[in-house]
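Undergrad: Quick one: the structure is below, and I'll ask about it shortly.
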Amino acid sequence: MSLAAPLPFIDLKAQRRRLGPQIEQALARVLEHGAFIMGPEVRELEAQLAAYAGVKHCISCASGTDALMMVLMAKGIGPGDAVFCPSFTFAATAEVVALLGASPIFVDVREEDFNIDPASLKAAIPAAEAAGLTPRGIIAVDLFGQPADYRALQPIADANGLWILADAAQSFGASFDNRRVGALGDFATTSFFPAKPLGCYGDGGAIFTNDDEFRDVLHSIRVHGQGRDKYENVRLGITGRLDTMQAAVLLQKMTIFDDEIAARNAVAERYAAGLPKTWTVPALLPGRTSVWAQYTVLVENREAVQQALQAEGIPTMVYYMRPLHTQPPYQSYPQVPCGLPLTDRLSQKVLSLPMHPYLDAPTQERILAAVNRAVAA
């Protein structure tokens, strides 16, 4: 058993030490002006995020899940509709489709980037139609920080009259073909859950669009479907607002976001150089950058490796041990006819190592040494 102190998987305390005074001052300003709901910081954050992503509009909201839900509500998704999404993802992606009475259609992923497989998507569309469903859209999840293959997905969407929602909960700050996440797909969403590359101190999310009318509908849905004032309701909506306190935190984190992305990439490069050659390490595909929300490798004997690393104070995580199509709430929904073999295989082999901007070289060397000992054993 190692005597070294256990390492954090994500070190939010290190970021707190860096930004503590600025965040405290920002929160004090909110306490002073008292506009706790939709205060000036919310509008400032939306403007900064839209400019950063390179789109006309950012609509902040209460969580990444609310962001997905609001987009689907604005598109009128409901019973009889099919929305295609990977099974190898967090539950929120498919959950919002099912909650609206529509059918998530589960599609396989590719091993090289863990993202939705265009070939599997092609096969799933006629299967949905054969089941009596109307294909409406695609939720392309940018898993672990690297954008999905929008270059391959867009022609499929165009040929079948589908829109693409880029689920960028793990990839905000990354880019594809020199376009930042937020400007990919027909619209995009992200999450500000504390563990995300850009995270607040609670829940939060955002939607990105260039469509003025769509923005207006989202503004209405965000506040109970309001019309000209909060007591006129013109559609069904939710309580989807981002708290002003969280906006104030995010504004401060935006000041160091690009620096943290660069640090994450340095960590990823050190991992790639030092991990065992028998492991499959993630690689950036052409035209893409990543924010490395997670650093996920493929390993044999995962449980033994995890136990060996835990004994040396090295935490690991498995994203995702049980794909959605195998879990009780989703087993009745359709999936691509040829099955999801890559999703099933990846769920048995993926392992995520500590990843955050403050993982310095000596600490990472400790992790790499422990990994190589575990593999040798």
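In the structure tokens, chains take the letters A, B, ... in the order shown, each chain's residues start at 1, and ligands count up from 1 in the order shown.
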Residues at most 9 Å from region 45-59 of chain A, counting only C-alpha atoms, excluding those fewer than 6 positions away in the same chain, as a list in words?

TA: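 With the cut-off at 9 Å, the set is Ala67, Phe172, Gly173, Arg179, Arg180, Val181, Gly182, Ala183, Gly205, Ala206, Ile207, Phe208, Thr209, Asn210, Asp211, Asp212, Arg215, Leu218, His219, Arg222, Ala247, Ala248, Leu250, Leu251 and Met254 of chain A.
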
Undergrad: Selection from above, C-alpha atoms, as a PDB file, in the first residue's frame, can you write it?

TA:
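again-v4.pdb written:
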ATOM      1  CA  ALA A  67     -30.557  22.820 -22.592  1.00  0.00           C
ATOM      2  CA  PHE A 172     -17.108  23.320 -25.226  1.00  0.00           C
ATOM      3  CA  GLY A 173     -13.860  25.070 -26.158  1.00  0.00           C
ATOM      4  CA  ARG A 179     -15.129  26.260 -36.153  1.00  0.00           C
ATOM      5  CA  ARG A 180     -15.597  26.248 -32.409  1.00  0.00           C
ATOM      6  CA  VAL A 181     -18.039  23.984 -30.679  1.00  0.00           C
ATOM      7  CA  GLY A 182     -21.287  25.914 -30.398  1.00  0.00           C
ATOM      8  CA  ALA A 183     -21.185  26.745 -34.093  1.00  0.00           C
ATOM      9  CA  GLY A 205     -26.091  25.030 -19.208  1.00  0.00           C
ATOM     10  CA  ALA A 206     -26.400  26.928 -22.467  1.00  0.00           C
ATOM     11  CA  ILE A 207     -27.811  26.699 -25.998  1.00  0.00           C
ATOM     12  CA  PHE A 208     -26.168  28.172 -29.109  1.00  0.00           C
ATOM     13  CA  THR A 209     -27.966  29.209 -32.295  1.00  0.00           C
ATOM     14  CA  ASN A 210     -27.813  31.651 -35.199  1.00  0.00           C
ATOM     15  CA  ASP A 211     -31.602  31.635 -35.632  1.00  0.00           C
ATOM     16  CA  ASP A 212     -33.363  34.748 -34.253  1.00  0.00           C
ATOM     17  CA  ARG A 215     -33.784  32.193 -29.824  1.00  0.00           C
ATOM     18  CA  LEU A 218     -36.131  29.337 -26.318  1.00  0.00           C
ATOM     19  CA  HIS A 219     -36.418  32.520 -24.250  1.00  0.00           C
ATOM     20  CA  ARG A 222     -36.986  29.026 -20.416  1.00  0.00           C
ATOM     21  CA  ALA A 247     -23.133  33.360 -14.239  1.00  0.00           C
ATOM     22  CA  ALA A 248     -20.821  35.445 -12.062  1.00  0.00           C
ATOM     23  CA  LEU A 250     -18.508  31.459 -15.055  1.00  0.00           C
ATOM     24  CA  LEU A 251     -17.504  34.973 -16.097  1.00  0.00           C
ATOM     25  CA  MET A 254     -13.871  32.464 -18.768  1.00  0.00           C
TER      26      MET A 254
END

Undergrad: At most 10 Å is the cut-off: for each residue in region 345-365 of chain A with any atom that close to an atom of region 188-201 of chain A, write down the nearest atom pair and the distance in Å rounded to one decimal, counting only C-alpha atoms, chain first then increasing number, as CSV.

TA:
residue,atom,partner,partner_atom,distance
A:Met355,CA,A:Pro197,CA,9.9
A:His356,CA,A:Pro197,CA,8.0
A:Pro357,CA,A:Pro197,CA,8.9

Undergrad: Here is a test: counting only C-alpha atoms, which residue of A:Asn301, A:Arg16, A:Val96, A:Leu342 is nearest to Asn115 (chain A)?

TA: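 Closest candidate: A:Leu342.
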
Undergrad: State, in Å with one decimal place, the distance from CA of Phe257 (chain A) to CA of Thr244 (chain A).

TA: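 So the two atoms, CA of Phe257 (chain A) and CA of Thr244 (chain A), lie 19.4 Å apart.
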
Undergrad: To one decimal place in Å, what is the distance between CA of Thr134 (chain A) and CA of Val97 (chain A)?

TA: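 A separation of 13.3 Å between them.
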
Undergrad: In region 182-285 of chain A, what's helix (DSSP H, G or I) per DSSP? Answer as a ChimeraX atom specification?

TA: /A:212-222,244-254,257-274

Undergrad: Let's have the selection written as a tab-separated table (two decimals), in the first residue's frame, with N, CA and C atoms.

TA:
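Output file out36.tsv follows:
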chain	number	residue	atom	x	y	z
A	212	ASP	N	-32.71	33.76	-35.12
A	212	ASP	CA	-33.36	34.75	-34.25
A	212	ASP	C	-34.69	34.23	-33.70
A	213	GLU	N	-35.51	33.63	-34.57
A	213	GLU	CA	-36.81	33.14	-34.14
A	213	GLU	C	-36.67	32.00	-33.14
A	214	PHE	N	-35.70	31.12	-33.39
A	214	PHE	CA	-35.46	30.00	-32.47
A	214	PHE	C	-35.03	30.53	-31.10
A	215	ARG	N	-34.18	31.56	-31.09
A	215	ARG	CA	-33.78	32.19	-29.82
A	215	ARG	C	-35.00	32.69	-29.07
A	216	ASP	N	-35.93	33.33	-29.76
A	216	ASP	CA	-37.11	33.88	-29.09
A	216	ASP	C	-37.96	32.78	-28.48
A	217	VAL	N	-38.10	31.67	-29.20
A	217	VAL	CA	-38.87	30.55	-28.66
A	217	VAL	C	-38.19	29.98	-27.42
A	218	LEU	N	-36.88	29.86	-27.47
A	218	LEU	CA	-36.13	29.34	-26.32
A	218	LEU	C	-36.26	30.27	-25.12
A	219	HIS	N	-36.22	31.58	-25.34
A	219	HIS	CA	-36.42	32.52	-24.25
A	219	HIS	C	-37.77	32.30	-23.59
A	220	SER	N	-38.78	32.03	-24.40
A	220	SER	CA	-40.12	31.79	-23.86
A	220	SER	C	-40.17	30.48	-23.08
A	221	ILE	N	-39.64	29.42	-23.66
A	221	ILE	CA	-39.65	28.11	-22.98
A	221	ILE	C	-38.90	28.18	-21.66
A	222	ARG	N	-37.83	28.94	-21.62
A	222	ARG	CA	-36.99	29.03	-20.42
A	222	ARG	C	-37.76	29.55	-19.21
A	244	THR	N	-27.98	33.95	-11.39
A	244	THR	CA	-26.99	35.02	-11.57
A	244	THR	C	-25.67	34.67	-10.87
A	245	MET	N	-25.74	34.02	-9.72
A	245	MET	CA	-24.52	33.63	-9.00
A	245	MET	C	-23.65	32.73	-9.88
A	246	GLN	N	-24.28	31.78	-10.55
A	246	GLN	CA	-23.50	30.87	-11.39
A	246	GLN	C	-22.91	31.61	-12.59
A	247	ALA	N	-23.66	32.56	-13.14
A	247	ALA	CA	-23.13	33.36	-14.24
A	247	ALA	C	-21.91	34.15	-13.79
A	248	ALA	N	-21.96	34.68	-12.59
A	248	ALA	CA	-20.82	35.45	-12.06
A	248	ALA	C	-19.58	34.56	-11.93
A	249	VAL	N	-19.76	33.33	-11.48
A	249	VAL	CA	-18.64	32.38	-11.37
A	249	VAL	C	-18.08	32.08	-12.76
A	250	LEU	N	-18.95	31.81	-13.71
A	250	LEU	CA	-18.51	31.46	-15.06
A	250	LEU	C	-17.78	32.61	-15.74
A	251	LEU	N	-18.21	33.83	-15.50
A	251	LEU	CA	-17.50	34.97	-16.10
A	251	LEU	C	-16.05	35.02	-15.64
A	252	GLN	N	-15.80	34.70	-14.40
A	252	GLN	CA	-14.42	34.69	-13.91
A	252	GLN	C	-13.64	33.51	-14.51
A	253	LYS	N	-14.30	32.37	-14.62
A	253	LYS	CA	-13.62	31.21	-15.19
A	253	LYS	C	-13.32	31.39	-16.68
A	254	MET	N	-14.14	32.19	-17.36
A	254	MET	CA	-13.87	32.46	-18.77
A	254	MET	C	-12.53	33.17	-18.97
A	257	PHE	N	-10.02	30.36	-19.28
A	257	PHE	CA	-10.47	29.15	-19.96
A	257	PHE	C	-9.48	28.69	-21.04
A	258	ASP	N	-9.04	29.59	-21.89
A	258	ASP	CA	-8.11	29.20	-22.96
A	258	ASP	C	-6.79	28.70	-22.38
A	259	ASP	N	-6.33	29.32	-21.31
A	259	ASP	CA	-5.10	28.87	-20.66
A	259	ASP	C	-5.28	27.46	-20.10
A	260	GLU	N	-6.45	27.18	-19.53
A	260	GLU	CA	-6.71	25.85	-18.99
A	260	GLU	C	-6.81	24.80	-20.10
A	261	ILE	N	-7.38	25.18	-21.24
A	261	ILE	CA	-7.46	24.24	-22.36
A	261	ILE	C	-6.04	23.87	-22.82
A	262	ALA	N	-5.16	24.86	-22.91
A	262	ALA	CA	-3.78	24.58	-23.30
A	262	ALA	C	-3.11	23.64	-22.29
A	263	ALA	N	-3.39	23.85	-21.00
A	263	ALA	CA	-2.82	22.98	-19.97
A	263	ALA	C	-3.36	21.55	-20.10
A	264	ARG	N	-4.64	21.42	-20.40
A	264	ARG	CA	-5.24	20.09	-20.59
A	264	ARG	C	-4.56	19.36	-21.75
A	265	ASN	N	-4.27	20.08	-22.81
A	265	ASN	CA	-3.62	19.46	-23.95
A	265	ASN	C	-2.19	19.02	-23.61
A	266	ALA	N	-1.52	19.79	-22.78
A	266	ALA	CA	-0.18	19.39	-22.34
A	266	ALA	C	-0.25	18.10	-21.52
A	267	VAL	N	-1.25	17.99	-20.66
A	267	VAL	CA	-1.45	16.76	-19.89
A	267	VAL	C	-1.71	15.57	-20.82
A	268	ALA	N	-2.56	15.78	-21.83
A	268	ALA	CA	-2.87	14.71	-22.77
A	268	ALA	C	-1.63	14.26	-23.53
A	269	GLU	N	-0.77	15.21	-23.90
A	269	GLU	CA	0.46	14.86	-24.62
A	269	GLU	C	1.40	14.04	-23.74
A	270	ARG	N	1.50	14.40	-22.47
A	270	ARG	CA	2.37	13.63	-21.56
A	270	ARG	C	1.83	12.21	-21.37
A	271	TYR	N	0.52	12.08	-21.25
A	271	TYR	CA	-0.07	10.75	-21.14
A	271	TYR	C	0.26	9.92	-22.38
A	272	ALA	N	0.01	10.49	-23.55
A	272	ALA	CA	0.21	9.74	-24.79
A	272	ALA	C	1.65	9.25	-24.92
A	273	ALA	N	2.59	10.06	-24.43
A	273	ALA	CA	4.01	9.69	-24.54
A	273	ALA	C	4.42	8.65	-23.51
A	274	GLY	N	3.75	8.63	-22.35
A	274	GLY	CA	4.25	7.81	-21.26
A	274	GLY	C	3.45	6.57	-20.93

Undergrad: Let me make sure I understand: among A:Ser87, A:Ser332, A:Thr280, A:Thr239, which one has the smallest atom-to-atom distance to Tyr320 (chain A) if we use only C-alpha atoms?

TA: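 Nearest to Tyr320 (chain A): A:Ser87.
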
Undergrad: Between A:Phe84, A:Leu368, A:Gly202, A:Ile256, which one has atoms that come closest to Leu309 (chain A), using only C-alpha atoms?

TA: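 Closest residue, counting only C-alpha atoms: A:Leu368.
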
Undergrad: Here is a test: counting only C-alpha atoms, which residue of A:Val42, A:Val109, A:Leu121, A:Ala283 is nearest to Gln154 (chain A)?

TA: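 Selected residue with least distance to Gln154 (chain A): A:Leu121.
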
Undergrad: Rank nothing, just name the residue among A:Ala293, A:Ala94, A:Val305, A:Met69 nearest to Phe9 (chain A), using only C-alpha atoms.

TA: A:Ala293

Undergrad: Would you mind telling me which residue in A:Asp142, A:Asp360, A:Asp149, A:Glu312 lies nearest to Ala374 (chain A) when using only C-alpha atoms?

TA: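 Of the candidates, the smallest distance to Ala374 (chain A) is held by A:Glu312.
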
Undergrad: As JSON, numbers by chain, please: the residues near Pro341 (chain A) (cut-off 12 Å, only C-alpha atoms, same-chain neighbours under 3 positions excluded).

TA: {"A": [87, 88, 106, 107, 108, 109, 110, 111, 117, 120, 323, 325, 335, 336, 337, 338, 344, 345, 346, 347, 348]}

Undergrad: Keeping only C-alpha atoms, write the selected residues to a file as an mmCIF file, in the first residue's frame.

TA:
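As written to disk, selection_12.cif reads:
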data_model
loop_
_atom_site.group_PDB
_atom_site.id
_atom_site.type_symbol
_atom_site.label_atom_id
_atom_site.label_comp_id
_atom_site.auth_asym_id
_atom_site.auth_seq_id
_atom_site.Cartn_x
_atom_site.Cartn_y
_atom_site.Cartn_z
ATOM 1 C CA SER A 87 -25.974 4.627 -26.500
ATOM 2 C CA PHE A 88 -22.420 5.215 -25.264
ATOM 3 C CA PHE A 106 -29.667 4.060 -30.308
ATOM 4 C CA VAL A 107 -26.731 4.159 -32.712
ATOM 5 C CA ASP A 108 -23.249 2.662 -32.399
ATOM 6 C CA VAL A 109 -20.022 4.658 -32.011
ATOM 7 C CA ARG A 110 -16.521 4.512 -33.487
ATOM 8 C CA GLU A 111 -13.572 3.287 -31.474
ATOM 9 C CA ASP A 117 -20.724 6.279 -36.160
ATOM 10 C CA SER A 120 -24.474 3.057 -38.019
ATOM 11 C CA PRO A 323 -24.545 1.636 -22.187
ATOM 12 C CA HIS A 325 -29.557 0.450 -24.485
ATOM 13 C CA GLN A 335 -31.580 0.444 -31.925
ATOM 14 C CA VAL A 336 -29.725 0.008 -35.175
ATOM 15 C CA PRO A 337 -30.615 -3.447 -36.644
ATOM 16 C CA CYS A 338 -27.030 -4.743 -36.673
ATOM 17 C CA ASP A 344 -20.776 -3.083 -25.947
ATOM 18 C CA ARG A 345 -17.036 -3.724 -26.340
ATOM 19 C CA LEU A 346 -15.928 -0.245 -25.320
ATOM 20 C CA SER A 347 -17.986 -0.369 -22.148
ATOM 21 C CA GLN A 348 -15.851 -3.333 -21.051
#

Undergrad: Using DSSP secondary structure from the backbone, list all strand (DSSP E) positions within region 88-329 of chain A, as an mmCIF file with N, CA, C and O atoms, in the first residue's frame.

TA:
data_model
loop_
_atom_site.group_PDB
_atom_site.id
_atom_site.type_symbol
_atom_site.label_atom_id
_atom_site.label_comp_id
_atom_site.auth_asym_id
_atom_site.auth_seq_id
_atom_site.Cartn_x
_atom_site.Cartn_y
_atom_site.Cartn_z
ATOM 1 N N SER A 103 -39.063 8.746 -29.290
ATOM 2 C CA SER A 103 -38.257 7.532 -29.178
ATOM 3 C C SER A 103 -36.790 7.816 -29.482
ATOM 4 O O SER A 103 -36.465 8.211 -30.608
ATOM 5 N N PRO A 104 -35.915 7.632 -28.496
ATOM 6 C CA PRO A 104 -34.486 7.669 -28.827
ATOM 7 C C PRO A 104 -34.120 6.404 -29.584
ATOM 8 O O PRO A 104 -34.483 5.298 -29.175
ATOM 9 N N ILE A 105 -33.440 6.568 -30.708
ATOM 10 C CA ILE A 105 -32.987 5.423 -31.497
ATOM 11 C C ILE A 105 -31.483 5.291 -31.288
ATOM 12 O O ILE A 105 -30.715 6.193 -31.644
ATOM 13 N N PHE A 106 -31.063 4.184 -30.716
ATOM 14 C CA PHE A 106 -29.667 4.060 -30.308
ATOM 15 C C PHE A 106 -28.785 3.608 -31.469
ATOM 16 O O PHE A 106 -29.092 2.656 -32.185
ATOM 17 N N VAL A 107 -27.671 4.331 -31.611
ATOM 18 C CA VAL A 107 -26.731 4.159 -32.712
ATOM 19 C C VAL A 107 -25.362 3.826 -32.129
ATOM 20 O O VAL A 107 -25.017 4.267 -31.031
ATOM 21 N N THR A 134 -41.270 8.726 -37.138
ATOM 22 C CA THR A 134 -40.859 9.795 -38.047
ATOM 23 C C THR A 134 -39.485 10.319 -37.637
ATOM 24 O O THR A 134 -39.360 10.957 -36.588
ATOM 25 N N PRO A 135 -38.445 10.066 -38.426
ATOM 26 C CA PRO A 135 -37.116 10.606 -38.077
ATOM 27 C C PRO A 135 -37.137 12.129 -38.073
ATOM 28 O O PRO A 135 -37.594 12.753 -39.032
ATOM 29 N N ARG A 136 -36.640 12.721 -36.985
ATOM 30 C CA ARG A 136 -36.663 14.171 -36.863
ATOM 31 C C ARG A 136 -35.278 14.768 -36.732
ATOM 32 O O ARG A 136 -35.005 15.835 -37.276
ATOM 33 N N GLY A 137 -34.405 14.133 -35.945
ATOM 34 C CA GLY A 137 -33.125 14.768 -35.697
ATOM 35 C C GLY A 137 -32.084 13.820 -35.144
ATOM 36 O O GLY A 137 -32.355 12.654 -34.851
ATOM 37 N N ILE A 138 -30.875 14.348 -35.016
ATOM 38 C CA ILE A 138 -29.712 13.600 -34.526
ATOM 39 C C ILE A 138 -29.115 14.372 -33.353
ATOM 40 O O ILE A 138 -28.899 15.588 -33.448
ATOM 41 N N ILE A 139 -28.862 13.694 -32.248
ATOM 42 C CA ILE A 139 -28.094 14.290 -31.157
ATOM 43 C C ILE A 139 -26.695 13.681 -31.211
ATOM 44 O O ILE A 139 -26.506 12.508 -30.891
ATOM 45 N N ALA A 140 -25.742 14.470 -31.672
ATOM 46 C CA ALA A 140 -24.361 14.011 -31.810
ATOM 47 C C ALA A 140 -23.589 14.433 -30.563
ATOM 48 O O ALA A 140 -23.368 15.615 -30.324
ATOM 49 N N VAL A 141 -23.199 13.464 -29.757
ATOM 50 C CA VAL A 141 -22.493 13.745 -28.504
ATOM 51 C C VAL A 141 -20.995 13.838 -28.765
ATOM 52 O O VAL A 141 -20.406 12.958 -29.393
ATOM 53 N N TRP A 163 -32.304 17.548 -38.528
ATOM 54 C CA TRP A 163 -31.428 18.540 -37.936
ATOM 55 C C TRP A 163 -30.402 17.841 -37.045
ATOM 56 O O TRP A 163 -30.598 16.690 -36.642
ATOM 57 N N ILE A 164 -29.310 18.540 -36.753
ATOM 58 C CA ILE A 164 -28.266 18.008 -35.864
ATOM 59 C C ILE A 164 -28.162 18.912 -34.638
ATOM 60 O O ILE A 164 -27.928 20.110 -34.752
ATOM 61 N N LEU A 165 -28.330 18.299 -33.486
ATOM 62 C CA LEU A 165 -28.080 18.968 -32.211
ATOM 63 C C LEU A 165 -26.731 18.485 -31.699
ATOM 64 O O LEU A 165 -26.548 17.294 -31.416
ATOM 65 N N ALA A 166 -25.778 19.378 -31.589
ATOM 66 C CA ALA A 166 -24.455 19.040 -31.080
ATOM 67 C C ALA A 166 -24.488 19.089 -29.549
ATOM 68 O O ALA A 166 -24.594 20.169 -28.960
ATOM 69 N N ASP A 167 -24.432 17.920 -28.918
ATOM 70 C CA ASP A 167 -24.401 17.831 -27.459
ATOM 71 C C ASP A 167 -22.946 18.026 -27.022
ATOM 72 O O ASP A 167 -22.159 17.088 -26.984
ATOM 73 N N SER A 175 -12.746 22.513 -31.223
ATOM 74 C CA SER A 175 -13.094 23.001 -32.553
ATOM 75 C C SER A 175 -13.006 21.884 -33.582
ATOM 76 O O SER A 175 -12.367 20.844 -33.345
ATOM 77 N N PHE A 176 -13.656 22.109 -34.717
ATOM 78 C CA PHE A 176 -13.642 21.191 -35.856
ATOM 79 C C PHE A 176 -13.554 22.050 -37.119
ATOM 80 O O PHE A 176 -14.406 22.911 -37.339
ATOM 81 N N ARG A 179 -13.875 25.738 -36.712
ATOM 82 C CA ARG A 179 -15.129 26.260 -36.153
ATOM 83 C C ARG A 179 -15.260 25.747 -34.722
ATOM 84 O O ARG A 179 -15.131 24.549 -34.473
ATOM 85 N N ARG A 180 -15.501 26.654 -33.809
ATOM 86 C CA ARG A 180 -15.597 26.248 -32.409
ATOM 87 C C ARG A 180 -16.905 25.517 -32.137
ATOM 88 O O ARG A 180 -17.931 25.765 -32.782
ATOM 89 N N PHE A 187 -27.767 23.514 -34.118
ATOM 90 C CA PHE A 187 -27.731 24.194 -32.827
ATOM 91 C C PHE A 187 -26.915 23.314 -31.891
ATOM 92 O O PHE A 187 -26.659 22.137 -32.186
ATOM 93 N N ALA A 188 -26.470 23.876 -30.793
ATOM 94 C CA ALA A 188 -25.608 23.147 -29.869
ATOM 95 C C ALA A 188 -26.003 23.461 -28.440
ATOM 96 O O ALA A 188 -26.599 24.513 -28.157
ATOM 97 N N THR A 189 -25.659 22.548 -27.557
ATOM 98 C CA THR A 189 -25.891 22.764 -26.127
ATOM 99 C C THR A 189 -24.621 22.411 -25.369
ATOM 100 O O THR A 189 -23.772 21.663 -25.861
ATOM 101 N N THR A 190 -24.504 22.951 -24.168
ATOM 102 C CA THR A 190 -23.403 22.545 -23.307
ATOM 103 C C THR A 190 -23.870 22.537 -21.859
ATOM 104 O O THR A 190 -24.971 22.987 -21.539
ATOM 105 N N SER A 191 -22.999 22.016 -21.002
ATOM 106 C CA SER A 191 -23.268 21.915 -19.569
ATOM 107 C C SER A 191 -22.171 22.632 -18.799
ATOM 108 O O SER A 191 -21.001 22.599 -19.194
ATOM 109 N N GLY A 205 -26.246 25.479 -17.831
ATOM 110 C CA GLY A 205 -26.091 25.030 -19.208
ATOM 111 C C GLY A 205 -26.315 26.180 -20.166
ATOM 112 O O GLY A 205 -26.605 27.314 -19.751
ATOM 113 N N ALA A 206 -26.202 25.896 -21.460
ATOM 114 C CA ALA A 206 -26.400 26.928 -22.467
ATOM 115 C C ALA A 206 -26.751 26.292 -23.806
ATOM 116 O O ALA A 206 -26.420 25.136 -24.072
ATOM 117 N N ILE A 207 -27.434 27.085 -24.640
ATOM 118 C CA ILE A 207 -27.811 26.699 -25.998
ATOM 119 C C ILE A 207 -27.232 27.744 -26.951
ATOM 120 O O ILE A 207 -27.230 28.943 -26.639
ATOM 121 N N PHE A 208 -26.770 27.284 -28.113
ATOM 122 C CA PHE A 208 -26.168 28.172 -29.109
ATOM 123 C C PHE A 208 -26.924 28.057 -30.427
ATOM 124 O O PHE A 208 -27.202 26.947 -30.894
ATOM 125 N N THR A 209 -27.236 29.210 -31.029
ATOM 126 C CA THR A 209 -27.966 29.209 -32.295
ATOM 127 C C THR A 209 -27.703 30.504 -33.050
ATOM 128 O O THR A 209 -27.380 31.536 -32.438
ATOM 129 N N TYR A 295 -9.668 11.845 -19.978
ATOM 130 C CA TYR A 295 -8.631 11.157 -20.743
ATOM 131 C C TYR A 295 -8.921 9.673 -20.618
ATOM 132 O O TYR A 295 -8.679 9.063 -19.571
ATOM 133 N N THR A 296 -9.455 9.093 -21.688
ATOM 134 C CA THR A 296 -9.991 7.734 -21.647
ATOM 135 C C THR A 296 -9.188 6.814 -22.543
ATOM 136 O O THR A 296 -9.003 7.085 -23.729
ATOM 137 N N VAL A 297 -8.725 5.712 -21.966
ATOM 138 C CA VAL A 297 -7.927 4.717 -22.683
ATOM 139 C C VAL A 297 -8.699 3.399 -22.735
ATOM 140 O O VAL A 297 -9.702 3.218 -22.045
ATOM 141 N N LEU A 298 -8.204 2.484 -23.569
ATOM 142 C CA LEU A 298 -8.770 1.138 -23.642
ATOM 143 C C LEU A 298 -7.756 0.168 -23.063
ATOM 144 O O LEU A 298 -6.595 0.150 -23.478
#
